$ cat coords_35.pdb   # PDB, C-alpha atoms and all ligand atoms
ATOM      1  CA  MET A 154      -1.514 -10.292 -39.564
ATOM      2  CA  LYS A 155       1.463  -8.482 -41.086
ATOM      3  CA  CYS A 156       3.948  -6.055 -39.554
ATOM      4  CA  ARG A 157       2.996  -2.507 -40.517
ATOM      5  CA  ALA A 158       6.641  -1.522 -40.944
ATOM      6  CA  CYS A 159       8.205  -4.460 -42.863
ATOM      7  CA  ALA A 160       5.247  -6.728 -43.867
ATOM      8  CA  GLN A 161       6.730  -9.790 -42.120
ATOM      9  CA  LYS A 162       4.580 -11.863 -39.768
ATOM     10  CA  ALA A 163       3.407  -9.638 -36.866
ATOM     11  CA  VAL A 164       3.540 -10.917 -33.268
ATOM     12  CA  ILE A 165       1.928  -7.979 -31.504
ATOM     13  CA  ARG A 166      -1.125  -5.896 -32.356
ATOM     14  CA  LEU A 167      -1.382  -2.310 -31.092
ATOM     15  CA  PRO A 168      -4.965  -1.137 -31.669
ATOM     16  CA  SER A 169      -4.256   2.287 -30.134
ATOM     17  CA  HIS A 170      -1.666   2.920 -32.882
ATOM     18  CA  ASN A 171      -3.724   1.062 -35.499
ATOM     19  CA  SER A 172      -0.610  -1.100 -35.978
ATOM     20  CA  ALA A 173       0.935  -4.533 -35.695
ATOM     21  CA  PHE A 174       4.651  -5.311 -35.494
ATOM     22  CA  CYS A 175       7.115  -8.177 -35.935
ATOM     23  CA  PRO A 176       9.627  -8.596 -33.022
ATOM     24  CA  GLY A 177      12.352  -6.466 -34.650
ATOM     25  CA  CYS A 178      10.044  -3.578 -35.588
ATOM     26  CA  PHE A 179       8.318  -3.707 -32.173
ATOM     27  CA  ASP A 180      11.749  -3.393 -30.553
ATOM     28  CA  ARG A 181      12.478  -0.301 -32.684
ATOM     29  CA  PHE A 182       8.998   1.062 -31.827
ATOM     30  CA  VAL A 183       9.704   0.804 -28.048
ATOM     31  CA  LEU A 184      13.122   2.449 -28.372
ATOM     32  CA  SER A 185      11.755   5.259 -30.547
ATOM     33  CA  GLN A 186       8.777   5.927 -28.233
ATOM     34  CA  THR A 187      11.167   6.185 -25.273
ATOM     35  CA  ALA A 188      13.559   8.447 -27.185
ATOM     36  CA  ARG A 189      10.607  10.633 -28.236
ATOM     37  CA  ALA A 190       9.374  11.013 -24.646
ATOM     38  CA  ILE A 191      12.905  11.957 -23.553
ATOM     39  CA  GLU A 192      13.165  14.542 -26.323
ATOM     40  CA  ASP A 193       9.630  15.998 -26.131
ATOM     41  CA  HIS A 194       9.858  16.559 -22.374
ATOM     42  CA  ARG A 195      13.586  17.420 -22.339
ATOM     43  CA  MET A 196      14.153  14.658 -19.782
ATOM     44  CA  LEU A 197      17.817  13.821 -20.376
ATOM     45  CA  THR A 198      20.943  15.068 -22.100
ATOM     46  CA  PRO A 199      23.821  12.817 -23.246
ATOM     47  CA  GLU A 200      25.887  14.192 -20.321
ATOM     48  CA  ASP A 201      23.408  13.112 -17.636
ATOM     49  CA  HIS A 202      24.162  10.388 -15.115
ATOM     50  CA  VAL A 203      20.820   8.645 -14.585
ATOM     51  CA  LEU A 204      19.869   6.879 -11.358
ATOM     52  CA  VAL A 205      17.252   4.288 -12.358
ATOM     53  CA  ALA A 206      14.912   3.238  -9.542
ATOM     54  CA  VAL A 207      14.529  -0.516 -10.084
ATOM     55  CA  SER A 208      11.897  -2.425  -8.141
ATOM     56  CA  GLY A 209      12.410  -5.796  -9.857
ATOM     57  CA  GLY A 210       9.216  -5.390 -11.914
ATOM     58  CA  LYS A 211       9.065  -5.434 -15.711
ATOM     59  CA  ASP A 212       8.845  -1.664 -16.242
ATOM     60  CA  SER A 213      11.829  -0.556 -14.185
ATOM     61  CA  LEU A 214      14.122  -3.369 -15.396
ATOM     62  CA  ALA A 215      13.086  -2.735 -19.014
ATOM     63  CA  LEU A 216      13.684   1.004 -18.508
ATOM     64  CA  TRP A 217      17.186   0.340 -17.207
ATOM     65  CA  GLU A 218      17.910  -1.874 -20.210
ATOM     66  CA  ILE A 219      16.453   0.635 -22.715
ATOM     67  CA  LEU A 220      18.405   3.589 -21.279
ATOM     68  CA  SER A 221      21.630   1.554 -21.494
ATOM     69  CA  ARG A 222      20.802   0.627 -25.107
ATOM     70  CA  LEU A 223      20.247   4.329 -25.814
ATOM     71  CA  ASN A 224      23.776   4.885 -24.434
ATOM     72  CA  TYR A 225      22.883   6.822 -21.302
ATOM     73  CA  ARG A 226      25.171   6.477 -18.297
ATOM     74  CA  THR A 227      23.077   4.702 -15.658
ATOM     75  CA  THR A 228      23.292   3.389 -12.086
ATOM     76  CA  GLY A 229      20.515   1.203 -10.707
ATOM     77  CA  PHE A 230      19.051   1.795  -7.268
ATOM     78  CA  HIS A 231      16.980  -0.824  -5.451
ATOM     79  CA  LEU A 232      15.238  -0.349  -2.108
ATOM     80  CA  ASP A 233      14.640  -3.693  -0.406
ATOM     81  CA  LEU A 234      11.282  -3.146   1.311
ATOM     82  CA  GLY A 235      11.573  -6.246   3.505
ATOM     83  CA  ILE A 236       8.145  -7.560   2.419
ATOM     84  CA  GLY A 237       8.778 -11.329   2.746
ATOM     85  CA  GLU A 238       9.122 -13.415  -0.424
ATOM     86  CA  TYR A 239       7.993 -10.556  -2.656
ATOM     87  CA  SER A 240      11.005  -8.439  -1.685
ATOM     88  CA  ALA A 241      13.455 -11.353  -1.715
ATOM     89  CA  GLU A 242      12.419 -12.267  -5.265
ATOM     90  CA  SER A 243      12.435  -8.629  -6.437
ATOM     91  CA  ARG A 244      15.938  -8.062  -5.114
ATOM     92  CA  GLY A 245      17.146 -11.306  -6.684
ATOM     93  CA  HIS A 246      15.908 -10.218 -10.141
ATOM     94  CA  VAL A 247      17.512  -6.775  -9.805
ATOM     95  CA  GLU A 248      20.878  -8.165  -8.665
ATOM     96  CA  SER A 249      21.054 -10.806 -11.390
ATOM     97  CA  PHE A 250      20.000  -8.239 -14.050
ATOM     98  CA  ALA A 251      22.793  -5.891 -12.924
ATOM     99  CA  SER A 252      25.466  -8.584 -13.001
ATOM    100  CA  ARG A 253      24.243 -10.037 -16.345
ATOM    101  CA  HIS A 254      24.384  -6.590 -17.976
ATOM    102  CA  ASN A 255      27.463  -5.482 -16.031
ATOM    103  CA  LEU A 256      25.713  -2.351 -14.755
ATOM    104  CA  PRO A 257      26.421  -0.574 -11.428
ATOM    105  CA  LEU A 258      23.805  -1.130  -8.725
ATOM    106  CA  VAL A 259      23.210   0.350  -5.251
ATOM    107  CA  VAL A 260      20.942  -1.571  -2.842
ATOM    108  CA  GLU A 261      19.539  -0.270   0.464
ATOM    109  CA  SER A 262      17.372  -2.075   2.994
ATOM    110  CA  LEU A 263      14.352  -0.361   4.534
ATOM    111  CA  ARG A 264      14.257  -2.919   7.341
ATOM    112  CA  GLU A 265      17.849  -2.189   8.303
ATOM    113  CA  SER A 266      17.321   1.537   8.225
ATOM    114  CA  VAL A 267      13.973   1.764  10.072
ATOM    115  CA  ASN A 268      14.296  -1.339  12.221
ATOM    116  CA  GLY A 269      10.923  -2.382  10.881
ATOM    117  CA  SER A 270       9.051  -3.479   7.770
ATOM    118  CA  VAL A 271       6.484  -1.605   5.657
ATOM    119  CA  THR A 272       3.820  -3.339   7.767
ATOM    120  CA  ASP A 273       5.395  -2.029  11.008
ATOM    121  CA  ILE A 274       5.431   1.470   9.504
ATOM    122  CA  ALA A 275       1.725   1.188   8.579
ATOM    123  CA  HIS A 276       0.908   0.041  12.130
ATOM    124  CA  ALA A 277       2.964   2.783  13.785
ATOM    125  CA  THR A 278       1.690   5.621  11.600
ATOM    126  CA  ARG A 279      -1.933   4.356  11.363
ATOM    127  CA  ARG A 280      -1.698   5.021   7.611
ATOM    128  CA  PRO A 281      -1.984   2.664   4.628
ATOM    129  CA  ALA A 282       1.189   0.666   3.883
ATOM    130  CA  CYS A 283       1.636   2.448   0.526
ATOM    131  CA  SER A 284       1.780   5.844   2.219
ATOM    132  CA  GLY A 285       4.830   5.001   4.398
ATOM    133  CA  CYS A 286       6.366   3.027   1.557
ATOM    134  CA  GLY A 287       6.025   6.024  -0.796
ATOM    135  CA  LEU A 288       7.597   8.356   1.763
ATOM    136  CA  ALA A 289      10.517   5.955   2.278
ATOM    137  CA  LYS A 290      11.064   5.576  -1.483
ATOM    138  CA  ARG A 291      11.171   9.353  -2.040
ATOM    139  CA  TYR A 292      13.669   9.707   0.812
ATOM    140  CA  PHE A 293      15.988   6.901  -0.337
ATOM    141  CA  PHE A 294      15.798   7.845  -4.024
ATOM    142  CA  ASN A 295      16.818  11.463  -3.341
ATOM    143  CA  ARG A 296      19.549  10.372  -0.966
ATOM    144  CA  ALA A 297      20.933   7.834  -3.448
ATOM    145  CA  ALA A 298      20.870  10.379  -6.301
ATOM    146  CA  LEU A 299      22.950  12.793  -4.223
ATOM    147  CA  ALA A 300      25.302  10.073  -2.965
ATOM    148  CA  THR A 301      26.020   8.652  -6.435
ATOM    149  CA  GLY A 302      26.325  12.075  -8.082
ATOM    150  CA  ALA A 303      23.424  11.235 -10.413
ATOM    151  CA  THR A 304      21.906  14.258 -12.130
ATOM    152  CA  VAL A 305      18.475  12.719 -12.815
ATOM    153  CA  LEU A 306      16.269  10.079 -11.201
ATOM    154  CA  ALA A 307      14.319   7.911 -13.683
ATOM    155  CA  THR A 308      11.377   5.699 -12.748
ATOM    156  CA  GLY A 309       9.562   3.062 -14.812
ATOM    157  CA  HIS A 310       6.073   4.595 -14.681
ATOM    158  CA  ASN A 311       4.247   3.797 -17.924
ATOM    159  CA  LEU A 312       1.260   5.317 -19.742
ATOM    160  CA  ASP A 313      -1.240   3.267 -17.695
ATOM    161  CA  ASP A 314       0.340   4.408 -14.407
ATOM    162  CA  GLU A 315       0.303   8.054 -15.397
ATOM    163  CA  ALA A 316      -3.200   8.041 -16.945
ATOM    164  CA  SER A 317      -4.710   6.299 -13.900
ATOM    165  CA  ARG A 318      -2.960   8.740 -11.570
ATOM    166  CA  LEU A 319      -4.376  11.634 -13.575
ATOM    167  CA  PHE A 320      -7.844  10.033 -13.497
ATOM    168  CA  GLY A 321      -7.718   9.716  -9.682
ATOM    169  CA  ASN A 322      -6.403  13.251  -9.224
ATOM    170  CA  LEU A 323      -9.172  14.659 -11.425
ATOM    171  CA  LEU A 324     -11.893  12.644  -9.691
ATOM    172  CA  HIS A 325     -10.896  14.222  -6.388
ATOM    173  CA  TRP A 326      -9.697  17.574  -7.815
ATOM    174  CA  HIS A 327      -6.339  17.224  -6.106
ATOM    175  CA  ASP A 328      -4.909  20.462  -7.530
ATOM    176  CA  GLU A 329      -1.581  20.094  -5.755
ATOM    177  CA  TYR A 330      -1.055  16.614  -7.270
ATOM    178  CA  LEU A 331      -2.445  17.616 -10.684
ATOM    179  CA  ALA A 332       0.284  20.243 -11.018
ATOM    180  CA  LYS A 333       2.881  17.497 -10.516
ATOM    181  CA  ASN A 334       1.131  14.914 -12.734
ATOM    182  CA  ARG A 335       3.829  15.190 -15.393
ATOM    183  CA  PRO A 336       6.642  12.942 -16.637
ATOM    184  CA  ASP A 337       9.358  15.511 -15.905
ATOM    185  CA  LEU A 338       9.780  17.287 -12.582
ATOM    186  CA  PRO A 339      12.599  19.831 -12.387
ATOM    187  CA  SER A 340      15.360  19.736  -9.810
ATOM    188  CA  LEU A 341      14.399  21.955  -6.874
ATOM    189  CA  SER A 342      16.737  23.094  -4.094
ATOM    190  CA  GLY A 343      18.966  20.059  -4.024
ATOM    191  CA  LEU A 344      16.245  17.497  -4.749
ATOM    192  CA  SER A 345      16.982  15.583  -7.934
ATOM    193  CA  LYS A 346      15.200  16.058 -11.243
ATOM    194  CA  LYS A 347      12.700  13.232 -11.826
ATOM    195  CA  VAL A 348      11.701  11.742 -15.182
ATOM    196  CA  LYS A 349       9.448   8.963 -16.513
ATOM    197  CA  PRO A 350      10.767   7.972 -19.950
ATOM    198  CA  LEU A 351       8.207   5.140 -20.475
ATOM    199  CA  VAL A 352       5.250   7.535 -20.358
ATOM    200  CA  ARG A 353       4.332   6.870 -24.028
ATOM    201  CA  LEU A 354       4.237   3.051 -23.595
ATOM    202  CA  THR A 355       1.419   0.986 -22.109
ATOM    203  CA  GLU A 356       1.639  -1.741 -19.498
ATOM    204  CA  LYS A 357       0.936  -4.397 -22.166
ATOM    205  CA  GLU A 358       3.617  -3.012 -24.461
ATOM    206  CA  MET A 359       6.150  -3.115 -21.618
ATOM    207  CA  ALA A 360       5.203  -6.706 -20.714
ATOM    208  CA  SER A 361       5.666  -7.688 -24.397
ATOM    209  CA  TYR A 362       9.014  -5.896 -24.521
ATOM    210  CA  ALA A 363      10.274  -7.659 -21.359
ATOM    211  CA  PHE A 364       9.143 -10.995 -22.820
ATOM    212  CA  LEU A 365      10.768 -10.451 -26.235
ATOM    213  CA  ARG A 366      14.005  -9.161 -24.664
ATOM    214  CA  LYS A 367      14.040 -12.105 -22.230
ATOM    215  CA  ILE A 368      14.163  -9.912 -19.112
ATOM    216  CA  PRO A 369      13.139 -11.983 -16.059
ATOM    217  CA  TYR A 370      11.151  -9.953 -13.523
ATOM    218  CA  VAL A 371       9.105 -10.485 -10.367
ATOM    219  CA  LEU A 372       5.644 -11.818 -11.190
ATOM    220  CA  LYS A 373       4.319 -11.667  -7.618
ATOM    221  CA  GLU A 374       2.303  -8.587  -6.727
ATOM    222  CA  CYS A 375       3.201  -6.679  -3.588
ATOM    223  CA  PRO A 376       0.788  -8.033  -0.921
ATOM    224  CA  HIS A 377      -0.190  -4.430  -0.135
ATOM    225  CA  SER A 378      -1.100  -3.543  -3.721
ATOM    226  CA  THR A 379      -4.778  -4.281  -3.043
ATOM    227  CA  ASP A 380      -4.676  -1.026  -1.005
ATOM    228  CA  ALA A 381      -4.182   0.923  -4.176
ATOM    229  CA  LYS A 382      -7.219   2.681  -5.651
ATOM    230  CA  GLN A 383      -5.083   2.999  -8.776
ATOM    231  CA  LEU A 384      -5.955  -0.617  -9.655
ATOM    232  CA  LEU A 385      -9.610   0.358  -9.967
ATOM    233  CA  TYR A 386      -8.794   3.423 -12.067
ATOM    234  CA  LYS A 387      -6.618   1.296 -14.363
ATOM    235  CA  LYS A 388      -9.422  -1.217 -14.798
ATOM    236  CA  LEU A 389     -11.933   1.498 -15.668
ATOM    237  CA  LEU A 390      -9.559   3.163 -18.151
ATOM    238  CA  ASN A 391      -8.847  -0.229 -19.767
ATOM    239  CA  GLU A 392     -12.582  -0.716 -20.339
ATOM    240  CA  VAL A 393     -12.796   2.669 -22.060
ATOM    241  CA  GLU A 394      -9.627   1.845 -24.032
ATOM    242  CA  SER A 395     -10.973  -1.455 -25.359
ATOM    243  CA  ALA A 396     -14.191   0.267 -26.514
ATOM    244  CA  SER A 397     -12.265   3.190 -27.998
ATOM    245  CA  PRO A 398      -8.540   2.456 -28.648
ATOM    246  CA  GLY A 399      -6.227   5.422 -28.140
ATOM    247  CA  THR A 400      -8.351   7.098 -25.445
ATOM    248  CA  LYS A 401      -5.791   6.560 -22.675
ATOM    249  CA  HIS A 402      -3.069   8.227 -24.723
ATOM    250  CA  ALA A 403      -5.347  11.114 -25.768
ATOM    251  CA  PHE A 404      -6.473  11.611 -22.147
ATOM    252  CA  LEU A 405      -2.961  11.846 -20.704
ATOM    253  CA  PHE A 406      -1.234  13.709 -23.525
ATOM    254  CA  GLY A 407      -4.162  16.104 -23.964
ATOM    255  CA  TYR A 408      -3.653  16.998 -20.313
ATOM    256  CA  LEU A 409       0.126  17.342 -20.675
ATOM    257  CA  GLU A 410      -0.386  19.767 -23.588
ATOM    258  CA  ARG A 411      -2.509  21.930 -21.281
ATOM    259  CA  ILE A 412      -0.668  21.511 -17.971
ATOM    260  CA  ASP A 413       1.537  24.607 -18.249
ATOM    261  CA  ARG A 414      -1.535  26.736 -19.044
ATOM    262  CA  LEU A 415      -3.643  25.152 -16.291
ATOM    263  CA  PHE A 416      -0.999  25.348 -13.581
ATOM    264  CA  PRO A 417       1.405  28.109 -14.680
ATOM    265  CA  MET A 418       2.343  29.124 -11.136
ATOM    266  CA  ARG A 419       2.360  25.848  -9.282
ATOM    267  CA  LEU A 420       5.948  24.762  -9.870
ATOM    268  CA  GLU A 421       7.189  28.261  -9.068
ATOM    269  CA  GLU A 422       5.104  28.281  -5.877
ATOM    270  CA  ASP A 423       6.505  24.880  -4.996
ATOM    271  CA  HIS A 424       9.938  26.262  -5.638
ATOM    272  CA  GLU A 425       9.337  28.907  -2.977
ATOM    273  CA  GLU A 426       8.194  26.186  -0.603
ATOM    274  CA  SER A 427      11.283  24.111  -1.346
ATOM    275  CA  PRO A 428      13.376  22.777   1.515
ATOM    276  CA  SER A 429      16.095  25.073   2.659
ATOM    277  CA  GLY A 430      17.641  23.180   5.550
ATOM    278  CA  ARG A 431      19.009  19.845   6.621
ATOM    279  CA  CYS A 432      17.405  17.293   8.926
ATOM    280  CA  GLU A 433      18.909  17.456  12.427
ATOM    281  CA  GLN A 434      18.969  13.673  12.641
ATOM    282  CA  CYS A 435      20.000  12.316   9.256
ATOM    283  CA  GLY A 436      21.464  15.408   7.595
ATOM    284  CA  GLU A 437      19.339  15.053   4.462
ATOM    285  CA  ILE A 438      17.534  17.991   2.799
ATOM    286  CA  SER A 439      14.376  18.808   4.753
ATOM    287  CA  TRP A 440      11.480  21.287   5.005
ATOM    288  CA  THR A 441      11.397  20.896   8.789
ATOM    289  CA  PRO A 442      14.071  20.564  11.531
ATOM    290  CA  VAL A 443      13.517  16.779  11.565
ATOM    291  CA  CYS A 444      12.598  15.270   8.173
ATOM    292  CA  SER A 445       9.385  13.266   7.687
ATOM    293  CA  PHE A 446      11.369  10.036   7.208
ATOM    294  CA  CYS A 447      13.137  10.414  10.586
ATOM    295  CA  ARG A 448       9.817  11.282  12.258
ATOM    296  CA  MET A 449       8.327   8.111  10.786
ATOM    297  CA  LYS A 450      11.314   6.131  12.054
ATOM    298  CA  GLU A 451      10.755   7.510  15.567
ATOM    299  CA  LYS A 452       7.092   6.469  15.458
ATOM    300  CA  VAL A 453       8.074   2.904  14.528
ATOM    301  CA  ALA A 454      10.581   2.730  17.415
ATOM    302  CA  LYS A 455       7.984   4.065  19.904
ATOM    303  CA  ASP A 456       5.336   1.682  18.597
ATOM    304  CA  LEU A 457       7.593  -1.333  19.069
ATOM    305  CA  GLU A 458       8.463  -0.152  22.578
ATOM    306  CA  LYS A 459       4.792   0.455  23.459
ATOM    307  CA  ASP A 460       3.836  -3.039  22.343
ATOM    308  CA  GLY A 461       6.677  -4.414  24.475
ATOM    309  CA  LEU A 462       8.365  -5.733  21.347
ATOM    310  CA  ILE A 463      12.075  -5.848  20.861
ATOM    311  CA  PRO A 464      13.301  -4.096  17.708
ATOM    312  CA  LEU A 465      13.506  -6.330  14.666
ATOM    313  CA  PRO A 466      16.869  -7.758  13.663
ATOM    314  CA  LYS A 467      18.986  -5.570  11.394
ATOM    315  CA  THR A 468      18.701  -7.940   8.439
ATOM    316  CA  ALA A 469      15.685  -9.698   6.958
ATOM    317  CA  PRO A 470      15.354 -13.298   8.110
TER
HETATM  318 FE1  LIG B   1       4.976  -0.068  -1.571
HETATM  319 FE2  LIG B   1       2.298  -0.058  -1.752
HETATM  320 FE3  LIG B   1       3.809  -0.412  -3.934
HETATM  321 FE4  LIG B   1       3.681  -2.330  -2.067
HETATM  322  S1  LIG B   1       1.983  -1.593  -3.352
HETATM  323  S2  LIG B   1       5.529  -1.604  -3.097
HETATM  324  S3  LIG B   1       3.542  -1.119  -0.188
HETATM  325  S4  LIG B   1       3.715   1.438  -2.661
HETATM  326 ZN    ZN B   2      16.068  12.888   8.571
END
$ encode --input "coords_35.pdb" --output "structure tokens"
Amino acid sequence: MKCRACAQKAVIRLPSHNSAFCPGCFDRFVLSQTARAIEDHRMLTPEDHVLVAVSGGKDSLALWEILSRLNYRTTGFHLDLGIGEYSAESRGHVESFASRHNLPLVVESLRESVNGSVTDIAHATRRPACSGCGLAKRYFFNRAALATGATVLATGHNLDDEASRLFGNLLHWHDEYLAKNRPDLPSLSGLSKKVKPLVRLTEKEMASYAFLRKIPYVLKECPHSTDAKQLLYKKLLNEVESASPGTKHAFLFGYLERIDRLFPMRLEEDHEESPSGRCEQCGEISWTPVCSFCRMKEKVAKDLEKDGLIPLPKTAP
């Protein structure tokens, strides 16, 4: 098998692009696909300061590395979720990546802030762990973007993540989520602009990139990830993809070509519903007098009290 670009020995085959690449040409392919996503969706300008949300997984660490290679000014942000060994390992990978590449990093601890873990939040709110975790991430990401003066928040969502999210939203006709199923969300009333520069690259391509660039990342799955219906949607889309290469890309990008026609008013409507005040408790931007993060925090405190438990220590054991 020969590289399509230079005819040397290929190490990776990309059926969806009807291509195969040697390591050097695959590297250029990943950089050019990222640059194209940034340009097509007007995600970033050379003046932007990008806050990269890094979980310790392959996608977010690779994104941080790619954006630095493309000469964007970046700061990493890691939220330690306090989920046992999984979080300890994730944080370790993020911290050693930052020091190896000499990149600025901000770390916050959910356990310290809420006095409880993701599991305590799930118990207190009677909601799946991913729901409280998602709320906490949105809160901390926005807060960190404002605190660091970052103009854009970038996350490592790839083509598989975005296509499976679209699939789920269509299956349930979640109009409100469909309108936001895009790799670029504008800045609204003090909330940061959000972008997903890896949207043109698949999960397998990102794993190959991390391997070839020697980026160590957490291999453990979050113990709560079995909650996620997205895993099923990814599996189903992968079956379609292996029978008909390129379908995942056509599905997502066909939708993105139509999104402004399908939902012309949604973002404007959302704009009108944007937060106008500050949370009475934490001072962050909020739709309501007390923000949803602080309300969640209160529920965790009450739950611990009700169960006769003492609050958890401020730091993870
Ligand atoms: Fe959070 Fe759920 Fe992801 Fe685990 S799987 S990190 S709980 S969103
Ligand atoms: Zn608050």
$ atom_distance --input "coords_35.pdb" --atom1 "atom CA of A:Arg414" --atom2 "atom CA of A:Leu312"
21.6 Å
$ residues_around --input "coords_35.pdb" --residues "A:Leu365" --least-positions-apart "4" --cutoff "10 Å" --atoms "all atoms listed in the file" --output "NGL selection string"
:A and (176-177 or 179-180 or 359-361)
$ resolve_selection --input "coords_35.pdb" --expression "the PyMOL selection byres (((not hetatm)) within 6 of (chain B and resi 1))" --output "list in words"
Ala282, Cys283, Cys286, Gly287, Cys375, His377 and Ser378 of chain A
$ closest_residue --input "coords_35.pdb" --among "A:His402, A:Arg189, A:Arg296, A:Arg279" --to "ligand ZN 2 (chain B)" --atoms "all atoms listed in the file"
A:Arg296
$ resolve_selection --input "coords_35.pdb" --expression "the PyMOL selection byres (((chain A and resi 383) around 9) and not hetatm)" --output "MDAnalysis selection string"
chainID A and resid 314 317:318 320:321 380:382 384:388
$ residues_near_ligand --input "coords_35.pdb" --ligand "ligand ZN 2 (chain B)" --cutoff "12 Å" --atoms "only C-alpha atoms and all ligand atoms" --output "ChimeraX atom specification"
/A:266-267,288-289,292-293,296,430-451
$ atom_distance --input "coords_35.pdb" --atom1 "atom CA of A:Leu324" --atom2 "atom CA of A:Arg353"
22.4 Å
$ atom_distance --input "coords_35.pdb" --atom1 "atom CA of A:His246" --atom2 "atom CA of A:Gly210"
8.4 Å
$ closest_residue --input "coords_35.pdb" --among "A:Tyr239, A:Trp217, A:Tyr370, A:Tyr362" --to "A:Lys349" --atoms "only C-alpha atoms"
A:Trp217
$ resolve_selection --input "coords_35.pdb" --expression "the PyMOL selection byres (((chain A and resi 260) around 7) and not hetatm)" --output "ChimeraX atom specification"
/A:230-232,258-259,261-262
$ residues_near_point --input "coords_35.pdb" --point "(4.7, 12.4, -15.3)" --cutoff "8 Å" --atoms "only C-alpha atoms" --output "list of chain:residue names"
A:His310, A:Glu315, A:Lys333, A:Asn334, A:Arg335, A:Pro336, A:Asp337, A:Leu338, A:Val348, A:Lys349, A:Val352
$ closest_residue --input "coords_35.pdb" --among "A:Gly399, A:Pro350, A:Pro417, A:Gly285" --to "A:Leu197" --atoms "only C-alpha atoms"
A:Pro350
$ residues_around --input "coords_35.pdb" --residues "A:Leu323" --least-positions-apart "3" --cutoff "12 Å" --atoms "all atoms listed in the file" --output "PyMOL selection string"
chain A and resi 316-320+326-332+334+386+404-405+408
$ closest_residue --input "coords_35.pdb" --among "A:Arg264, A:His202, A:Arg244, A:Arg366" --to "A:Ala307" --atoms "all atoms listed in the file"
A:His202
$ closest_residue --input "coords_35.pdb" --among "A:Asn295, A:Val247, A:Gly309, A:Asp413" --to "A:Leu341" --atoms "all atoms listed in the file"
A:Asn295
$ residues_around --input "coords_35.pdb" --residues "A:Phe174" --least-positions-apart "3" --cutoff "7 Å" --atoms "all atoms listed in the file" --output "list of chain:residue names"
A:Cys156, A:Arg157, A:Ala158, A:Ala163, A:Val164, A:Ile165, A:Arg166, A:Cys178, A:Phe179
$ residues_around --input "coords_35.pdb" --residues "A:Leu216" --least-positions-apart "5" --cutoff "9 Å" --atoms "only C-alpha atoms" --output "ChimeraX atom specification"
/A:187,205,207,211,221,307-309,350-351
$ closest_residue --input "coords_35.pdb" --among "A:Gly269, A:Pro257, A:Pro376, A:Gly407" --to "A:Gly229" --atoms "all atoms listed in the file"
A:Pro257
$ residues_around --input "coords_35.pdb" --residues "A:Val305" --least-positions-apart "6" --cutoff "8 Å" --atoms "all atoms listed in the file" --output "VMD selection string"
chain A and resid 197 201 to 204 298 345 to 348
$ axis_aligned_box --input "coords_35.pdb" --around "stretch 168-173 of chain A" --padding-each-side "4 Å" --output "AutoDock Vina command-line options"
--center_x -2.0 --center_y -0.8 --center_z -33.1 --size_x 13.9 --size_y 15.5 --size_z 13.8
